[in-house]
Structure formats: C-alpha cells, structure tokens
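**Student:** To start, I am sharing the structure in question, which I have written as structure tokens.
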Amino acid sequence: MKNKIYRTFDEAVADIPNGSVFMSPGFGGVGIPRNILAAVNRQGAKGLTGISNNAGTVDAKVDVGTLIAAGQVKKMCCAFTATPHPSQVTAFVRMYNNGEVDAELIPQGTLAERIRAAGAGIGAFYTPASVGTELAEGKEHREIDGKVYVLEYPLHADYAFIRAWKADTFGNLQFRLTQRNFNPIMAMAARVTIVEVENDIVPMGELDPDQIHVPGVYVDRLVRIPPDGIWD
Amino acid sequence: MKNKIYRTFDEAVADIPNGSVFMSPGFGGVGIPRNILAAVNRQGAKGLTGISNNAGTVDAKVDVGTLIAAGQVKKMCCAFTATPHPSQVTAFVRMYNNGEVDAELIPQGTLAERIRAAGAGIGAFYTPASVGTELAEGKEHREIDGKVYVLEYPLHADYAFIRAWKADTFGNLQFRLTQRNFNPIMAMAARVTIVEVENDIVPMGELDPDQIHVPGVYVDRLVRIPPDGIWD
Amino acid sequence: MAEHRTPTTEKPRLARQAMCDRLAMEFQDGWIVNLGVGMPTLCSNYVDPTKSLIFHSENGAIGYGPLAAPETADRYLVNAGGQQVTAVPGMAIVHHADSFALIRKGMVDVTVMGAYEVAENGDFANWRVPGRKGGGIGGAMDLAACAKRVFVALEHTTREGEPRLLQRCTLPITAPGVVKLVVTDLGLFEVTPQGFKLSEYAPGWTVGEIQALTGAKLVAADGLREFRVRAAR
Amino acid sequence: MAEHRTPTTEKPRLARQAMCDRLAMEFQDGWIVNLGVGMPTLCSNYVDPTKSLIFHSENGAIGYGPLAAPETADRYLVNAGGQQVTAVPGMAIVHHADSFALIRKGMVDVTVMGAYEVAENGDFANWRVPGRKGGGIGGAMDLAACAKRVFVALEHTTREGEPRLLQRCTLPITAPGVVKLVVTDLGLFEVTPQGFKLSEYAPGWTVGEIQALTGAKLVAADGLREFRVRAAR
C-alpha cells in the first residue's frame, strides 16, 4: 500500500496547483492546520478558493488570513465576512472591501452541512436556516410538512488541510476536544486530504477501531509536526 | 436533572401508545435491542410502524419479527421485504404476502440517510441511489452537475430502541465494533430514545468526552440488561 | 425618527450582568442552552443550584462548564466565542456537522443572542450593519431558525440614542418572527401577537420613559413589576 | 426463448471459487473493496501478497480481515452477510450513515455482486424475482449507483438452462448501465459499448458453445484466452 507519510510540509503541499479549492478547519483558534497553511504560503499557489469558518483573525498567527494577505486567495466561502468589531481590520476585510478578494457568506450550520454533503455524495439538501433572510434570496424554496426550507448544494474541494491529535500510518485520525470542529467533515469531503499530526504517527493497530474520528481511507498525506513546527 | 435510568424494560416501554412509529437497529444479528423489543411485545402496543434494516429473520431470537408475528406492526420501512431464499418464510413474509402488513422497500443507504436527515433537521435530500430503477418511479428527479438524483424525505420516529455497549447516567453511549450500525443515527433521530445497556451504567465523567458515539442529550431512558436478560 | 431622540437621562440603566441574569432565570432544569458570543455568555454566570443546564456550543461541545481559570485552562476546549471553558462530567464532543444537526433538529431549548435591532413581530437583526460590507453570521441563522426559543439581549438604544426595539427591523434580519423574550438595559419584554409587552422595568423608570425610547408601541403586562435581579448568593 | 435451451452439456463448468478468484485478480493495490453477500464473499479467499486491499462492509467496518475461526470469532464484528470476520490493524468502525456516505462519495473502488441477470448495456438485476412479492435490496442500489466499478459474479444459466446474460434485463434492475466486468461459470466478460466481450473462456468450451447459452451477441476479445485460475500458493 502507498506510503502516506511525508517528511516535510513543503513536500506534502508541493503539487497544489494554482486555482485549487481548499478547506481549512479550525474554530476559536483551535484545530487550525497552521503548519500546512504556512507551507502553502511558502509554496505560493495562487487563485485559490478557500472554504473555512472565517477568513482569518487579527492575531499574528498563521491561518487562512495568511494566504489571503499574500494574495493567494481569490474567493472565500465562510460564515464571517466581517470581523465582530469594525476596529478589527484583517487582511481579508481590507481586500474584500477593495474588491481584491471575493466571498460567499454562508450560515455556519449550512456551511458544515454543505461540506458534509460533499463527503456524503448528497446532490443537494433542504435546510431551514436563512429562510426569510437576505441570504435566502434567489435560492429555491420548498415547503415540506408545513415548514419552509431552502435548497443548498455541496461544497466540494480539491484539498483539505487537517490538524489532528493522533494518527496511525494508514491515516486513521483522532482529535482532542473542540479541536475536532470542522476537521472530520472536511477530511471526508475533499479529493486530497493532507494532515498535520501533533503526536507521533503510530503503527496501524494502535488506535482503537471504535474510536476513530476519521477513517484512514479518507487521508492521503500525513506529516508529523516537528519540534520547531507551529504548535499554536 | 431528570433521572433517565429505569429499573425494568417493562417500565421503560409502558407508555408506548398504539400507532407509534419506532426505529429498531441491528445488522447481521448484532446491535439488536432484543430486550426492549421483548418488552414491547409483552406490552402489546398495536398498529406500530417499524423502521429497520430488515423485517425479522428466520432464527428464533427476538427481533422486529417478534412484533410482526404478534400482529403489533401495520407497516415496515426496510431494505429487505423478501428473504434471500424463498425457502426462508418469516412471519413478515407470510403476512406481507397475505396483505396483513404493509411495507416500504428502501435502499439501505437511503434508509440510513433518511434516518440521519430526521436527526439532523434536513427537510429532504437528493441521492443517486435507485435512479433508473423501479424504486425511483414517481419520485422527483433532478440533475445536478450532470448527475441525476432522486429526492428523499426524512424518516421520523416516535421511539428509537437502542442496544449499547456502555453508557453513563446522562445517556452518553458507546458501541462495540459493528454493533454500532444503525444505533447512533436512530438514537439521534427519534423523539424518545430508549436504550438497553450491556455494561453497568457508569457515573457521568467516566466516559471520555472524545469517545462518545451518541451524546446523552439524545437519550431519554436507560435500562441495564439484567443477568437473565437477552444477551444474544 | 427625531421623536425618539430624547434628552439624556441621568437615571441608571441595568448592568449587562443583571440583564443576562434575568434571562437565565427563565432557563428550566435540563434545558440545552446555547449562548451567543459577547453579552449572552454572561448568562452562564447565573447559577441556580436547583437547575442543571446543558451548555451547547456550535463547535461541538455538549455539556461544557464555566470559563476556565487561566492556570488550569485546556487550550483544546473552547466555546463558540473561542473562550477556554471547563469540561464537566458528562460532556460529549461532536464534529461541526453533528453539532448543527442537533441545532436543526430543534434540540436547543433556548439560544440567547445579542442584536442590533428587534422588531415587534419577532424579527431580529444581528449580523450586518449598514455601510459595512459583509457580515458575521456564524451559527446565528441556524440557531435562530431552529432553537425552541430565541431570547435577545441588547442595549435599549444605540449610542446615538436611537431605539433598537422597532416596529420593523431596518437592517437585514437573522430570522423572521422568532424572538420570544428580550432584555434591554431598561427592562424585560415579551414578544407577543400584540407587540412588545413590557413585563419588568428597570428600577426608577416609568413605562412612559421607556416607551419614549422605544420604536414600537409597548403594551404593559398585567403583572408589570420592577426588574428582578439575582438573589444574593 | 426456446432457442437458448440447449442440450445438457457434460462439460465441466468453472467452480464458484475459481470465478471469484478471477475477479479478485483484477483488484489493485490499495483498492477499497465491497463484496456482496453470497458468492462474492469468496473473492476474499484470493490473497495476493503484493496487494493490500481494504474491505468495506455496509454496516460500517472499514478494513476488516478474513472470516474468523469459530473459536476466536468476536460476535460484535460481522460483515455485510452477518458472517463473523477478523479485525486487522488499521480497521475503523463508522455508523451506517457514514458507511453509506463513503459509498455515495464514490470511494468504493469495486463492488462485487451476485445477480439474476446482466444485460449487454450494463444493467443488472439482483433484488427481485417475478412471482415473489417484495425484494431484498440491502445496499446494492447505493453501491451499484456509486462504486467506481461494478463486477458481477453469477451462473451463466438458470437451473432451467435459460441464459442470464441478456440483451436487456427482464427483471427490475438494480442500477442502469453500471456493470463493467462479469464472471460466470463459463468465462469472463467485459461489458463494452459493443456488448459483452468474451475475454476468457472456461477450459474446454468454445465461443460458439458459450454463445449458444447467452442471450446476447458475444464479441470475442482480441486476446481471447482460456480462463485464468489461481496460481498455486
């Protein structure tokens, strides 16, 4: 079977072409694939479309905003296209206001379900979220059992960048507490899933088969975060 | 907080009214809530609709077929309305052929996804399964990105009968190996979820929060299987 | 809307914690509670030992505890606002799609959110302000559309003294007709078919004074009384 | 269809294990393989040490091993046929909805199924027989619609000697146009735009003899050869 373990993040992201669609998880600063994002930033792919809960934060840490600030991203699909306070001006906000980057604003649950739908081969689904709001305008509506829903489509991606707590050499993954967030559904949705792992990658058989958050069949590339990697 | 632990299966199912819709998991003889089904059989509720992978097997063990044989079930939603071999005549097959029980035949993945949709507040979804077959006739079709899908609706239930490996007093559940099968999605889909537990029900805090297969918020009633209960 | 602009009053208004305490008093034993980022998180500071609440956050923590002390905080466990919280026995973690599955199924008994505006028809707006491109929806639309009850906590007026309780929202709404209960720094308001029903007023304030700062007609509740604050513990 | 009814031949046909071995020879290293209940499960008896296969079953076992010996079997671990199988290192368990999510995403590289009929257009029928009410679909429709490749293993003729390889299925189909490769007890057949292409024939059988038992026009493959059987191990 193909070896999935890569020595460096740079090798693991080397082939990402311009124009790719990527998914990047993380929520509240936890579960963000910072090492992979830093490598993609070094690698320099351009014209990327990002799928992520937010479009970067104001802190100096590496996140999706790092790629945006570097001009590598043409569009973001996310649940926040403005920061909570006008005083927080991220690279994304500045560039979005200037029309240098495009965005699709998606309710967070719809975002999660659209990612899940891509990983589950669902063609489209009806959700009640956003009905009666500006974001549902132009979307197909349907009344089902007396309740109104809007039709939403899957969000597919070429790459998922994943941050895991533990992994085995086959790519079975475990996450710790709310590090989990978007990680499993993105890992299952993308065409190629690249994972940064916080602990030593263990031989197959060391993780309990009942306790796997992402089966290894979804994982293509694994990199152990080195001691001098990005830990937070 | 409400105590979820019931002393006996008979108490746990006492209030199930005639005409209820129930979900019953299990696959390949594993993960079947036999103790709860036996109690429902004793309790005698009639006119039930069952949602289950199959409609009972030829063995003598308690399963959905026990309720069917007793005339308690008016309709089954399942992936098998005939046994693999004509020689295997279950109570369901005999009664179905006689028109004494109704059935809706559903591809297994569609069955699972319709259950999941009920638990996830999804109004309807498009799946490629069954397109071009007799089972898709009369259903709404839609071409999405060049592929044809059929529209499927959630399967809601009043009760889910669940067989778990471990539980805590709040109802957090764990399953062992392929015992899991339909159990988690049914536990999350029904209005009232009743669980038979194979091990002692432990205090809250004893199960690792990262390793919960069904969060306790979905669980209403727990019964520890007694030594003289149905173990297989 | 010049009629709403009133002379600056010197009367004290309710503190944010008092506002959130009042909403939290409505929570019932066993409820699943989702608190929005910002002011609503203060609801978790009100502890009633006779009630067990299950706090849910969008990022998949079900049954987490109070904010963590810095010295014992676990950086892997954060709430929807990214604040480090504590694990309590019985907590379960799910992924983001399962977390919103729970929300859409209607299992959240109450969600408390901040807002820019609330309307007498139960609409509210909390994700987009005029003159600013984009917005921050987060999980608000999912929660607002699906939770059993939506409570809103907000200042009664803008910094400029304009009312935030209106006949109709002027900003893009988060969900139509869902708000059940509103607390402001001037009182507690039920959203009823007759409009905003003032049930509790801030100490020292009259109905007329509150009405003057409100952009919709207030109805005085039968049992109208002074705002209830937390009992000393 | 009397023209298909042929005199009983005394020639030996291929054994079921040989048929399944031949299909398994097509599996490639790293493939995710789903084996239908019944004859297809025999494919797992063909072990090529140069290839690692990942066996998936509908009930959520990903990467399970061979059938378990009765004395060491774990009754909690069964395949899609309810047979007790072994855990191999790297196995993961998911619930039924996640198991079919994997199927619908198109991650199953090959599914092998039994069938009553296969048609030259790639249709096949395996869930309902005439004269019997109801049917057994199981996961066959999901797998057939979504797997990257559908292989079918079936007897070449019915007990009455009627052909099972047809121009068009007479029974309700499981999925349209999906079958890529068919093995029968008379040979190996690719489903091509030109119809059934016979690529390997059972030892001792001629193309004409096989054609006589087939309900559609056979095309002989360029490299037509005798059926390949498992190398001695």
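Here's how to read the names in the structure tokens: chain A, B, ... by the order shown, residue numbers from 1 in each chain, ligand numbers from 1 in the order shown.
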Could you please tell me, as a PDB file with C-alpha atoms, in the first residue's frame, which residues of chain A have an atom within 7 Å of chain B when using only C-alpha atoms?

**Tutor:**
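Final output, selection.pdb:
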```pdb
ATOM      1  CA  ILE A 122     -25.534  14.079  -1.475  1.00  0.00           C
ATOM      2  CA  GLY A 123     -26.596  16.117  -4.510  1.00  0.00           C
ATOM      3  CA  ALA A 124     -28.334  18.853  -2.539  1.00  0.00           C
ATOM      4  CA  PHE A 125     -30.410  19.253   0.624  1.00  0.00           C
ATOM      5  CA  TYR A 126     -33.080  21.429   2.163  1.00  0.00           C
ATOM      6  CA  THR A 127     -32.321  23.373   5.334  1.00  0.00           C
ATOM      7  CA  ILE A 144     -42.153  20.342   3.480  1.00  0.00           C
ATOM      8  CA  TYR A 149     -36.648  25.225   3.594  1.00  0.00           C
ATOM      9  CA  ARG A 176      -8.912  16.228  21.067  1.00  0.00           C
ATOM     10  CA  LEU A 177     -11.963  18.098  22.428  1.00  0.00           C
ATOM     11  CA  ASP A 210     -14.159   2.050  17.792  1.00  0.00           C
ATOM     12  CA  GLN A 211     -12.541   5.414  18.476  1.00  0.00           C
TER      13      GLN A 211
END
```

**Student:** Just the number, please: Cα RMSD of chain B on chain A after least-squares superposition over all C-alpha atoms matched in order.

**Tutor:**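 The root-mean-square deviation of C-alpha positions is 0.0 Å.
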
**Student:** Just want the 12 Å neighbourhood of region 23-25 of chain C, counted on only C-alpha atoms, with same-chain residues fewer than 3 positions away dropped. Output as JSON, numbers by chain.

**Tutor:** {"C": [16, 17, 18, 19, 20, 28, 29, 31, 33, 34, 35, 39, 40, 41, 42, 43, 44, 45, 46, 47, 48, 49, 50, 51, 52, 53, 110, 111, 112, 113, 149, 150, 151, 152, 153, 154, 180, 181, 182, 183, 184, 187, 188, 189, 190, 200, 227, 228, 229, 230, 231]}

**Student:** Run DSSP on the backbone and tell me which residues of chain B come out as strand (DSSP E or B); list them as a ChimeraX atom specification.

**Tutor:** /B:5,21-23,27,30,48-51,73-78,80,102-105,125-127,141-144,147-152,159-164,166-168,173-174,192-197,202,214,221-224

**Student:** Restrict the distance test to only C-alpha atoms, flag each residue of chain B within 6 Å of chain D, and return the flagged residues as an NGL selection string.

**Tutor:** :B and (28 or 79-82 or 107-109 or 112-113 or 129-130 or 132-133 or 177-182)

**Student:** Enumerate as a PyMOL selection string all residues of region 98-223 of chain C assigned to alpha helix (DSSP H) by DSSP on the backbone, naming them with the chain letters and numbers the document uses.

**Tutor:** chain C and resi 98-104+140-146+207-212

**Student:** Write out as a list of chain:residue names which residues come within 7 Å of Asn126 (chain C) when counting only C-alpha atoms, dropping same-chain ones fewer than 3 positions away.

**Tutor:**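 Those residues are C:Gly114, C:Ala115, C:Tyr116, C:Thr174.
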
**Student:** Dump all heavy atoms for the selected residues as a PDB file, in the first residue's frame?

**Tutor:**
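Contents of result.pdb, freshly written:
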```pdb
ATOM      1  N   GLY C 114     -27.124  38.373  21.085  1.00  0.00           N
ATOM      2  CA  GLY C 114     -27.112  39.824  21.000  1.00  0.00           C
ATOM      3  C   GLY C 114     -27.769  40.240  19.697  1.00  0.00           C
ATOM      4  O   GLY C 114     -28.030  39.404  18.823  1.00  0.00           O
ATOM      5  N   ALA C 115     -28.095  41.532  19.555  1.00  0.00           N
ATOM      6  CA  ALA C 115     -28.716  42.007  18.317  1.00  0.00           C
ATOM      7  C   ALA C 115     -28.516  43.501  18.183  1.00  0.00           C
ATOM      8  O   ALA C 115     -28.252  44.199  19.173  1.00  0.00           O
ATOM      9  CB  ALA C 115     -30.206  41.675  18.313  1.00  0.00           C
ATOM     10  N   TYR C 116     -28.612  43.962  16.954  1.00  0.00           N
ATOM     11  CA  TYR C 116     -28.647  45.401  16.707  1.00  0.00           C
ATOM     12  C   TYR C 116     -30.072  45.917  16.839  1.00  0.00           C
ATOM     13  O   TYR C 116     -30.314  47.004  17.328  1.00  0.00           O
ATOM     14  CB  TYR C 116     -28.133  45.715  15.298  1.00  0.00           C
ATOM     15  CG  TYR C 116     -26.748  45.209  15.006  1.00  0.00           C
ATOM     16  CD1 TYR C 116     -26.511  44.401  13.908  1.00  0.00           C
ATOM     17  CD2 TYR C 116     -25.669  45.554  15.828  1.00  0.00           C
ATOM     18  CE1 TYR C 116     -25.227  43.952  13.622  1.00  0.00           C
ATOM     19  CE2 TYR C 116     -24.392  45.099  15.555  1.00  0.00           C
ATOM     20  CZ  TYR C 116     -24.170  44.300  14.443  1.00  0.00           C
ATOM     21  OH  TYR C 116     -22.913  43.843  14.171  1.00  0.00           O
ATOM     22  N   THR C 174     -31.911  38.273  10.813  1.00  0.00           N
ATOM     23  CA  THR C 174     -31.256  36.986  11.049  1.00  0.00           C
ATOM     24  C   THR C 174     -32.262  35.850  10.920  1.00  0.00           C
ATOM     25  O   THR C 174     -31.931  34.755  10.462  1.00  0.00           O
ATOM     26  CB  THR C 174     -30.609  36.991  12.447  1.00  0.00           C
ATOM     27  OG1 THR C 174     -29.728  38.115  12.520  1.00  0.00           O
ATOM     28  CG2 THR C 174     -29.848  35.714  12.719  1.00  0.00           C
TER      29      THR C 174
END
```

**Student:** Between B:Ser24, B:Thr90, B:Asn199, B:Asn183, which is the closest to Asn53 (chain B) once you count only C-alpha atoms?

**Tutor:**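 Using only C-alpha atoms, Asn53 (chain B) sits closest to B:Ser24.
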
**Student:** In Å to one decimal, how far is CA of Phe124 (chain C) from CA of Gly161 (chain C)?

**Tutor:**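 It comes out at 18.6 Å.
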